[in-house]
$ cat structure_2.cif   # mmCIF, C-alpha atoms
data_start
loop_
_atom_site.label_atom_id
_atom_site.label_comp_id
_atom_site.auth_asym_id
_atom_site.auth_seq_id
_atom_site.Cartn_x
_atom_site.Cartn_y
_atom_site.Cartn_z
CA MET A 162 147.78 88.27 68.47
CA ASP A 163 147.54 91.36 66.29
CA HIS A 164 147.74 95.06 67.23
CA GLN A 165 144.13 94.94 68.51
CA ASN A 166 144.87 91.97 70.79
CA LYS A 167 142.95 89.65 68.50
CA PHE A 168 144.08 86.21 67.40
CA GLY A 169 144.98 85.78 63.75
CA THR A 170 144.93 88.45 61.07
CA GLU A 171 142.00 90.41 59.73
CA SER A 172 140.24 88.55 56.94
CA VAL A 173 140.07 90.68 53.79
CA GLY A 174 136.60 92.16 53.34
CA LYS A 175 135.15 90.38 56.35
CA ASN A 176 134.59 91.30 59.96
CA VAL A 177 136.37 88.17 61.18
CA GLN A 178 139.92 87.07 61.89
CA GLU A 179 141.74 84.32 60.04
CA ILE A 180 144.48 81.80 60.83
CA GLN A 181 146.07 79.72 58.08
CA SER A 182 147.00 76.18 58.99
CA ARG A 183 147.93 72.89 57.34
CA ASP A 184 145.36 71.23 59.64
CA PRO A 185 142.64 73.82 60.34
CA LEU A 186 140.54 71.56 62.59
CA ALA A 187 143.48 70.53 64.78
CA SER A 188 144.62 74.15 65.07
CA ALA A 189 141.14 75.34 66.02
CA GLU A 190 140.84 72.60 68.64
CA LYS A 191 144.26 73.47 70.01
CA LEU A 192 143.41 77.16 70.41
CA PHE A 193 140.06 76.32 72.00
CA LYS A 194 141.73 73.93 74.45
CA MET A 195 144.29 76.57 75.37
CA LEU A 196 141.69 79.31 75.90
CA SER A 197 139.36 76.98 77.80
CA GLN A 198 141.70 76.35 80.71
CA GLY A 199 139.99 77.21 83.96
CA GLY A 200 136.60 77.60 82.30
CA LYS A 201 133.40 75.66 82.89
CA PRO A 202 132.06 73.50 80.06
CA VAL A 203 128.55 74.51 79.01
CA SER A 204 126.07 71.93 77.77
CA THR A 205 124.82 72.71 74.28
CA GLU A 206 122.48 70.87 71.99
CA ARG A 207 124.40 71.41 68.79
CA ASP A 208 126.56 68.60 67.51
CA GLY A 209 130.25 69.20 67.79
CA VAL A 210 129.88 72.70 69.19
CA LYS A 211 131.80 73.21 72.44
CA VAL A 212 131.38 76.14 74.82
CA VAL A 213 133.19 77.12 78.01
CA SER A 214 132.29 80.01 80.25
CA PHE A 215 134.19 81.98 82.87
CA GLU A 216 133.02 83.83 85.95
CA ASP A 217 133.15 87.29 84.34
CA GLY A 218 130.83 86.15 81.52
CA THR A 219 133.62 85.47 79.04
CA HIS A 220 132.73 82.51 76.85
CA ILE A 221 134.61 80.71 74.12
CA VAL A 222 132.82 78.77 71.40
CA PHE A 223 134.35 76.13 69.14
CA ARG A 224 132.59 75.15 65.94
CA PRO A 225 134.14 72.25 64.00
CA VAL A 226 132.51 73.49 60.82
CA SER A 227 130.76 76.67 59.85
CA LYS A 228 128.82 77.51 56.68
CA SER A 229 131.95 79.01 55.19
CA GLY A 230 133.34 75.49 55.54
CA SER A 231 136.10 76.21 58.00
CA PRO A 232 136.33 75.50 61.74
CA ALA A 233 135.94 78.58 63.92
CA VAL A 234 136.65 79.76 67.44
CA ASP A 235 134.58 82.59 68.82
CA ILE A 236 135.95 84.73 71.66
CA ASN A 237 133.38 86.68 73.65
CA PRO A 238 134.96 88.62 76.48
CA GLY A 239 133.07 89.39 79.66
CA THR A 240 133.55 92.24 82.09
CA THR A 241 137.19 91.52 82.94
CA ALA A 242 138.52 90.06 79.69
CA GLY A 243 136.75 92.84 77.81
CA LYS A 244 139.41 95.25 79.04
CA VAL A 245 142.03 93.24 77.15
CA THR A 246 140.36 92.26 73.88
CA SER A 247 137.07 92.66 72.05
CA GLN A 248 134.64 90.12 70.68
CA HIS A 249 136.15 88.33 67.70
CA LYS A 250 135.74 85.19 65.67
CA ILE A 251 138.62 83.29 64.12
CA HIS A 252 138.24 81.14 61.02
CA PHE A 253 140.88 78.50 60.43
CA GLU A 254 141.67 78.22 56.73
CA ARG A 255 143.74 75.56 55.01
CA LYS A 256 147.19 76.83 54.10
CA SER A 257 147.77 76.38 50.37
CA MET B 230 121.83 98.23 50.67
CA ARG B 231 121.40 94.80 52.23
CA THR B 232 119.32 94.75 55.39
CA GLN B 233 118.52 92.21 58.07
CA VAL B 234 115.93 92.78 60.79
CA ASP B 235 115.78 90.48 63.84
CA ILE B 236 113.21 91.94 66.19
CA PHE B 237 110.51 90.50 68.42
CA GLU B 238 107.18 89.61 66.84
CA LYS B 239 104.14 91.61 67.96
CA SER B 240 102.80 88.52 69.73
CA GLU B 241 106.05 88.27 71.70
CA VAL B 242 105.85 91.90 72.80
CA GLU B 243 102.32 91.23 73.98
CA LEU B 244 103.74 88.62 76.37
CA LEU B 245 105.69 91.41 78.03
CA GLU B 246 102.66 93.69 78.25
CA VAL B 247 100.97 91.07 80.40
CA LEU B 248 103.79 91.34 82.95
CA LYS B 249 103.31 95.06 83.65
CA LEU B 250 102.13 95.75 87.22
CA SER B 251 102.67 92.11 88.18
CA LYS B 252 104.95 91.11 91.07
CA TRP B 253 108.49 90.02 90.27
CA GLU B 254 109.26 86.59 91.75
CA SER B 255 112.55 85.20 90.46
CA ILE B 256 114.86 84.80 87.54
CA SER B 257 116.58 81.61 86.47
CA GLY B 258 118.80 80.65 83.58
CA HIS B 259 120.36 77.66 81.87
CA GLU B 260 123.94 77.25 83.19
CA MET B 261 123.53 80.55 85.08
CA ASP B 262 126.01 80.20 87.96
CA ASN B 263 126.13 83.97 88.23
CA LEU B 264 124.40 86.84 86.50
CA ASN B 265 127.15 87.29 83.92
CA PHE B 266 126.27 84.24 81.89
CA ALA B 267 123.33 82.07 80.89
CA TRP B 268 123.23 79.87 77.82
CA GLY B 269 120.21 80.12 75.56
CA SER B 270 117.43 80.68 78.08
CA VAL B 271 116.49 82.95 80.97
CA ILE B 272 113.10 82.63 82.67
CA VAL B 273 111.43 85.44 84.59
CA GLN B 274 108.71 84.35 87.01
CA THR B 275 106.03 86.88 87.93
CA SER B 276 102.63 86.82 89.60
CA ASN B 277 101.14 87.03 86.08
CA GLY B 278 103.07 83.99 84.88
CA PRO B 279 106.46 83.28 83.39
CA VAL B 280 108.25 84.57 80.34
CA ASN B 281 111.18 82.75 78.80
CA LEU B 282 113.77 84.79 76.91
CA ILE B 283 115.42 82.46 74.42
CA SER B 284 118.57 83.24 72.50
CA GLU B 285 119.72 81.25 69.53
CA SER B 286 122.56 81.66 67.11
CA ARG B 287 122.33 81.04 63.39
CA GLU B 288 124.38 81.79 60.32
CA LEU B 289 123.31 84.42 57.82
CA ASP B 290 124.87 85.84 54.70
CA PHE B 291 123.78 89.44 54.45
CA GLU B 292 127.06 91.25 55.09
CA GLY B 293 128.51 89.51 52.03
CA TYR B 294 129.74 86.41 53.84
CA TRP B 295 128.40 83.79 56.25
CA ASP B 296 128.58 84.75 59.91
CA ASP B 297 126.81 84.01 63.20
CA TYR B 298 124.04 86.24 64.53
CA SER B 299 122.08 85.72 67.71
CA LYS B 300 118.33 86.20 67.75
CA LEU B 301 115.99 86.58 70.73
CA HIS B 302 112.55 85.01 71.16
CA LEU B 303 109.97 85.18 73.92
CA LYS B 304 107.69 82.39 75.14
CA ALA B 305 105.14 82.33 77.94
CA SER B 306 106.68 79.20 79.33
CA ALA B 307 108.64 78.05 82.35
CA GLU B 308 109.91 74.95 80.59
CA GLY B 309 113.25 73.96 82.06
CA CYS B 310 112.80 76.16 85.11
CA ASP B 311 112.69 73.25 87.57
CA ALA B 312 116.01 71.92 86.30
CA MET B 313 117.53 75.41 86.54
CA LYS B 314 116.35 75.71 90.14
CA GLU B 315 117.63 72.25 91.04
CA ALA B 316 121.02 73.26 89.69
CA GLY B 317 120.93 76.39 91.83
CA HIS B 318 120.63 78.67 88.82
CA VAL B 319 117.91 80.87 90.30
CA PHE B 320 118.05 84.38 91.79
CA TYR B 321 115.46 86.15 93.91
CA PHE B 322 116.49 89.80 93.86
CA GLY B 323 113.57 92.14 93.30
CA GLN B 324 111.16 89.55 94.70
CA GLY B 325 107.79 91.08 95.61
CA GLU B 326 108.45 94.34 93.78
CA THR B 327 105.99 95.50 91.12
CA ILE B 328 107.07 95.66 87.48
CA GLN B 329 106.40 99.30 86.66
CA ARG B 330 107.76 99.63 83.14
CA ILE B 331 109.39 97.46 80.47
CA TRP B 332 111.58 98.46 77.52
CA LEU B 333 112.99 96.68 74.51
CA ILE B 334 116.57 97.55 73.65
CA ARG B 335 116.79 97.78 69.87
CA ASP B 336 120.16 98.21 68.19
CA THR B 337 121.01 99.11 64.63
CA VAL B 338 124.44 98.88 63.07
CA THR B 339 125.09 100.39 59.65
CA PHE B 340 128.15 99.46 57.60
CA THR B 341 129.51 102.16 55.33
CA LEU B 342 132.28 101.71 52.78
CA ASP B 343 133.60 104.73 50.91
CA ARG B 344 130.62 106.76 52.19
CA MET B 345 128.20 104.29 50.68
CA LYS B 346 125.85 102.34 52.94
CA VAL B 347 126.48 98.64 52.29
CA SER B 348 124.45 96.86 54.93
CA GLN B 349 122.28 97.48 57.95
CA TYR B 350 121.41 95.15 60.80
CA THR B 351 118.63 95.84 63.29
CA THR B 352 118.17 93.57 66.25
CA ASP B 353 116.46 93.46 69.62
CA SER B 354 119.39 93.03 72.00
CA GLY B 355 117.49 92.74 75.27
CA ILE B 356 114.79 93.78 77.71
CA VAL B 357 114.89 96.14 80.69
CA PHE B 358 112.47 95.92 83.61
CA GLU B 359 111.91 98.80 86.01
CA LEU B 360 110.63 97.51 89.36
CA ASP B 361 109.72 99.67 92.38
CA GLY B 362 113.34 100.23 93.32
CA THR B 363 115.33 97.92 91.11
CA TRP B 364 116.33 97.88 87.45
CA ILE B 365 116.94 94.52 85.81
CA SER B 366 118.23 93.96 82.30
CA LEU B 367 118.31 90.76 80.27
CA MET B 368 120.67 91.22 77.35
CA LYS B 369 122.47 89.30 74.67
CA SER B 370 125.93 88.74 76.08
CA SER B 371 127.28 88.40 72.57
CA GLN B 372 125.87 89.28 69.16
CA ARG B 373 127.18 85.95 67.79
CA THR B 374 126.24 83.33 70.37
CA ALA B 375 123.29 82.18 72.47
CA ALA B 376 124.76 83.65 75.64
CA LEU B 377 122.69 86.00 77.77
CA SER B 378 123.58 88.16 80.76
CA VAL B 379 121.54 89.71 83.53
CA GLU B 380 122.26 92.95 85.34
CA VAL B 381 120.69 94.37 88.47
CA ALA B 382 121.00 98.03 89.44
CA GLN B 383 119.42 100.54 91.76
CA GLN B 384 119.05 103.07 88.96
CA LYS B 385 118.84 103.11 85.20
CA SER B 386 122.14 104.92 84.71
CA ASP B 387 124.01 102.12 86.51
CA LEU B 388 123.06 99.54 83.87
CA GLN B 389 125.94 98.71 81.54
CA LEU B 390 123.87 96.96 78.83
CA GLY B 391 126.67 95.74 76.50
CA HIS B 392 127.03 97.36 73.12
CA LEU B 393 127.53 96.54 69.47
CA SER B 394 130.89 98.17 68.99
CA GLY B 395 132.72 95.10 70.31
CA ARG B 396 131.49 93.05 67.42
CA TRP B 397 131.45 95.76 64.77
CA GLU B 398 134.58 97.85 65.22
CA SER B 399 135.40 100.51 62.67
CA ASN B 400 138.85 100.62 61.12
CA LEU B 401 140.52 102.36 58.20
CA LEU B 402 138.55 100.35 55.65
CA ARG B 403 135.20 99.79 57.30
CA VAL B 404 133.01 102.25 59.16
CA TYR B 405 130.22 101.05 61.43
CA SER B 406 127.72 103.39 63.04
CA HIS B 407 125.64 102.24 65.98
CA GLU B 408 122.26 103.38 67.17
CA ARG B 409 120.34 102.24 70.26
CA GLN B 410 116.64 102.76 70.95
CA TRP B 411 114.74 102.22 74.17
CA ILE B 412 111.23 101.17 73.15
CA ALA B 413 108.60 101.27 75.85
CA VAL B 414 106.35 98.21 75.92
#
$ encode --input "structure_2.cif" --output "structure tokens"
Amino acid sequence: MDHQNKFGTESVGKNVQEIQSRDPLASAEKLFKMLSQGGKPVSTERDGVKVVSFEDGTHIVFRPVSKSGSPAVDINPGTTAGKVTSQHKIHFERKS
Amino acid sequence: MRTQVDIFEKSEVELLEVLKLSKWESISGHEMDNLNFAWGSVIVQTSNGPVNLISESRELDFEGYWDDYSKLHLKASAEGCDAMKEAGHVFYFGQGETIQRIWLIRDTVTFTLDRMKVSQYTTDSGIVFELDGTWISLMKSSQRTAALSVEVAQQKSDLQLGHLSGRWESNLLRVYSHERQWIAV
């Protein structure tokens, strides 16, 4: 996590975070799985999109592909988690 | 300056007008185990009929790159309400109280770079109902996803109503200014 308690590093010129990986999809799935522990899966109608929610309203969203082309994990803190970190989205980019 | 406006249509606001002075009955939501979280849909039942607040997320490219933005819609429909009730996702606080006033919560965030305005985003982030002795808000829980949250308070000042700064935080490079309007219906 960076100095703002966000995963990844700030993406240049964008209001999102970024993590470089040799296997972006696997890395995104791994982070989502880790952050999902103890959460409740939410049924969604969008293919491949996974959501878990927690009692304080925190919810984590995994998108296998976004329009930018990369997988993404979206962290949306609720009342308790919001004291630790703020809302942020992490794009997983292929390491060159 | 690039702009994006995601606000309710006039016809949607008219659905709220119909609810004024009606009796509040219940509120239910998809996956709403508690008031902190519902996914995509919250239905308010009143003596003048239901209104369904729908939140959906879609990708836009107006800040110079693709990102997710949630948008709210209103429908005079109780579709899905039975399933929500069967799942226990229904709450009866405020039942029997009269809806006295209704507000839209409209937020605007302006992105400034080197003192130049680059982009501006205006969105309806939620709705607040004032009942006889209860305040109830239905708000986007996140500005990126379809999540919604509900708050109940005895007075207006006790409502927390989420804010935009979590999503758009200023730093040394980027400056975001936030403005919130309460618009009476």
$ interface_residues --input "structure_2.cif" --of "chain B" --to "chain A" --cutoff "7 Å" --atoms "all atoms listed in the file" --output "NGL selection string"
:B and (260 or 265-266 or 295 or 371 or 395-396)
$ resolve_selection --input "structure_2.cif" --expression "the PyMOL selection byres ((chain B and resi 276) around 7)" --output "PyMOL selection string"
chain B and resi 251-254+275+277-278
$ closest_residue --input "structure_2.cif" --among "B:Met261, B:Thr363, B:Val379, B:Trp411" --to "Gly323 of chain B" --atoms "all atoms listed in the file"
B:Thr363
$ atom_distance --input "structure_2.cif" --atom1 "atom CA of Val234 of chain B" --atom2 "atom CA of Arg335 of chain B"
10.4 Å
$ atom_distance --input "structure_2.cif" --atom1 "atom CA of Leu333 of chain B" --atom2 "atom CA of Gln384 of chain B"
16.9 Å
$ resolve_selection --input "structure_2.cif" --expression "the PyMOL selection byres ((chain B and resi 282-294) around 10)" --output "ChimeraX atom specification"
/A:174-176,227-229 /B:230-233,241,258,267-273,279-281,295-306,340,347-350,354-356,367-377
$ resolve_selection --input "structure_2.cif" --expression "the PyMOL selection byres ((chain B and resi 412) around 12)" --output "list of chain:residue names"
B:Ile236, B:Phe237, B:Val242, B:Arg330, B:Ile331, B:Trp332, B:Leu333, B:Ile334, B:Arg335, B:Asp336, B:Asp353, B:Ser354, B:Gly355, B:Ile356, B:Val357, B:Phe358, B:Arg409, B:Gln410, B:Trp411, B:Ala413, B:Val414
$ write_last_selection --input "structure_2.cif" --atoms "C-alpha atoms" --output "PDB file, keeping the file's coordinate frame"
ATOM      1  CA  ILE B 236     113.210  91.940  66.190  1.00  0.00           C
ATOM      2  CA  PHE B 237     110.510  90.500  68.420  1.00  0.00           C
ATOM      3  CA  VAL B 242     105.850  91.900  72.800  1.00  0.00           C
ATOM      4  CA  ARG B 330     107.760  99.630  83.140  1.00  0.00           C
ATOM      5  CA  ILE B 331     109.390  97.460  80.470  1.00  0.00           C
ATOM      6  CA  TRP B 332     111.580  98.460  77.520  1.00  0.00           C
ATOM      7  CA  LEU B 333     112.990  96.680  74.510  1.00  0.00           C
ATOM      8  CA  ILE B 334     116.570  97.550  73.650  1.00  0.00           C
ATOM      9  CA  ARG B 335     116.790  97.780  69.870  1.00  0.00           C
ATOM     10  CA  ASP B 336     120.160  98.210  68.190  1.00  0.00           C
ATOM     11  CA  ASP B 353     116.460  93.460  69.620  1.00  0.00           C
ATOM     12  CA  SER B 354     119.390  93.030  72.000  1.00  0.00           C
ATOM     13  CA  GLY B 355     117.490  92.740  75.270  1.00  0.00           C
ATOM     14  CA  ILE B 356     114.790  93.780  77.710  1.00  0.00           C
ATOM     15  CA  VAL B 357     114.890  96.140  80.690  1.00  0.00           C
ATOM     16  CA  PHE B 358     112.470  95.920  83.610  1.00  0.00           C
ATOM     17  CA  ARG B 409     120.340 102.240  70.260  1.00  0.00           C
ATOM     18  CA  GLN B 410     116.640 102.760  70.950  1.00  0.00           C
ATOM     19  CA  TRP B 411     114.740 102.220  74.170  1.00  0.00           C
ATOM     20  CA  ALA B 413     108.600 101.270  75.850  1.00  0.00           C
ATOM     21  CA  VAL B 414     106.350  98.210  75.920  1.00  0.00           C
TER      22      VAL B 414
END
$ axis_aligned_box --input "structure_2.cif" --around "segment 173-189 of chain A" --padding-each-side "8 Å" --output "AutoDock Vina command-line options"
--center_x 141.3 --center_y 81.3 --center_z 59.7 --size_x 29.3 --size_y 37.6 --size_z 28.7
$ residues_around --input "structure_2.cif" --residues "Pro185 of chain A" --least-positions-apart "5" --cutoff "6 Å" --atoms "all atoms listed in the file" --output "PyMOL selection string"
chain A and resi 253-255
$ write_last_selection --input "structure_2.cif" --atoms "C-alpha atoms" --output "tab-separated table (two decimals), in the frame of the given file"
chain	number	residue	atom	x	y	z
A	253	PHE	CA	140.88	78.50	60.43
A	254	GLU	CA	141.67	78.22	56.73
A	255	ARG	CA	143.74	75.56	55.01
$ decode --input "structure_2.cif" --residues "segment 310-340 of chain B" --atoms "N, CA and C atoms" --output "short mmCIF file (atom, residue, chain, number, x, y, z; two decimals), in the first residue's frame"
data_model
loop_
_atom_site.label_atom_id
_atom_site.label_comp_id
_atom_site.auth_asym_id
_atom_site.auth_seq_id
_atom_site.Cartn_x
_atom_site.Cartn_y
_atom_site.Cartn_z
N CYS B 310 -39.66 -6.30 -5.60
CA CYS B 310 -39.92 -6.03 -4.18
C CYS B 310 -40.29 -7.31 -3.42
N ASP B 311 -41.08 -8.17 -4.05
CA ASP B 311 -41.49 -9.41 -3.37
C ASP B 311 -40.27 -10.27 -3.03
N ALA B 312 -39.36 -10.37 -3.97
CA ALA B 312 -38.15 -11.18 -3.73
C ALA B 312 -37.31 -10.56 -2.61
N MET B 313 -37.25 -9.22 -2.60
CA MET B 313 -36.49 -8.54 -1.54
C MET B 313 -37.12 -8.84 -0.18
N LYS B 314 -38.44 -8.80 -0.12
CA LYS B 314 -39.14 -9.06 1.14
C LYS B 314 -38.94 -10.51 1.58
N GLU B 315 -39.04 -11.42 0.61
CA GLU B 315 -38.85 -12.84 0.95
C GLU B 315 -37.46 -13.09 1.51
N ALA B 316 -36.49 -12.32 1.02
CA ALA B 316 -35.12 -12.49 1.50
C ALA B 316 -34.88 -11.72 2.81
N GLY B 317 -35.92 -11.05 3.28
CA GLY B 317 -35.79 -10.31 4.53
C GLY B 317 -35.15 -8.94 4.36
N HIS B 318 -35.07 -8.49 3.12
CA HIS B 318 -34.40 -7.22 2.86
C HIS B 318 -35.41 -6.07 2.83
N VAL B 319 -36.18 -5.96 3.90
CA VAL B 319 -37.19 -4.91 3.98
C VAL B 319 -37.17 -4.28 5.38
N PHE B 320 -37.40 -2.97 5.43
CA PHE B 320 -37.32 -2.24 6.71
C PHE B 320 -38.56 -1.34 6.82
N TYR B 321 -39.08 -1.26 8.05
CA TYR B 321 -40.35 -0.57 8.23
C TYR B 321 -40.25 0.70 9.08
N PHE B 322 -39.06 1.21 9.30
CA PHE B 322 -38.96 2.44 10.08
C PHE B 322 -39.71 3.56 9.34
N GLY B 323 -40.27 4.46 10.09
CA GLY B 323 -41.00 5.58 9.49
C GLY B 323 -42.39 5.21 9.00
N GLN B 324 -42.79 3.96 9.22
CA GLN B 324 -44.08 3.50 8.69
C GLN B 324 -45.23 4.34 9.26
N GLY B 325 -46.11 4.79 8.40
CA GLY B 325 -47.28 5.57 8.82
C GLY B 325 -47.02 7.06 8.90
N GLU B 326 -45.75 7.46 8.85
CA GLU B 326 -45.46 8.91 8.88
C GLU B 326 -45.70 9.52 7.49
N THR B 327 -46.01 10.80 7.49
CA THR B 327 -46.26 11.51 6.23
C THR B 327 -44.96 12.06 5.65
N ILE B 328 -44.81 11.90 4.35
CA ILE B 328 -43.63 12.49 3.67
C ILE B 328 -43.90 13.99 3.50
N GLN B 329 -43.17 14.79 4.26
CA GLN B 329 -43.40 16.23 4.23
C GLN B 329 -42.64 16.93 3.09
N ARG B 330 -41.36 16.59 2.99
CA ARG B 330 -40.56 17.24 1.95
C ARG B 330 -39.55 16.25 1.37
N ILE B 331 -39.14 16.53 0.14
CA ILE B 331 -38.17 15.66 -0.56
C ILE B 331 -37.11 16.55 -1.22
N TRP B 332 -35.86 16.13 -1.12
CA TRP B 332 -34.77 16.85 -1.78
C TRP B 332 -33.95 15.92 -2.67
N LEU B 333 -33.41 16.48 -3.72
CA LEU B 333 -32.38 15.79 -4.49
C LEU B 333 -31.03 16.30 -3.98
N ILE B 334 -30.08 15.41 -3.89
CA ILE B 334 -28.72 15.81 -3.51
C ILE B 334 -27.89 15.82 -4.79
N ARG B 335 -27.52 17.01 -5.22
CA ARG B 335 -26.78 17.15 -6.48
C ARG B 335 -25.34 17.59 -6.20
N ASP B 336 -24.40 16.81 -6.70
CA ASP B 336 -22.98 17.09 -6.45
C ASP B 336 -22.28 17.50 -7.74
N THR B 337 -21.34 18.40 -7.59
CA THR B 337 -20.50 18.78 -8.73
C THR B 337 -19.04 18.74 -8.29
N VAL B 338 -18.23 18.08 -9.10
CA VAL B 338 -16.79 18.08 -8.84
C VAL B 338 -16.11 18.71 -10.05
N THR B 339 -15.20 19.64 -9.75
CA THR B 339 -14.48 20.33 -10.81
C THR B 339 -12.98 20.05 -10.66
N PHE B 340 -12.38 19.60 -11.75
CA PHE B 340 -10.96 19.24 -11.76
C PHE B 340 -10.17 20.41 -12.36
#
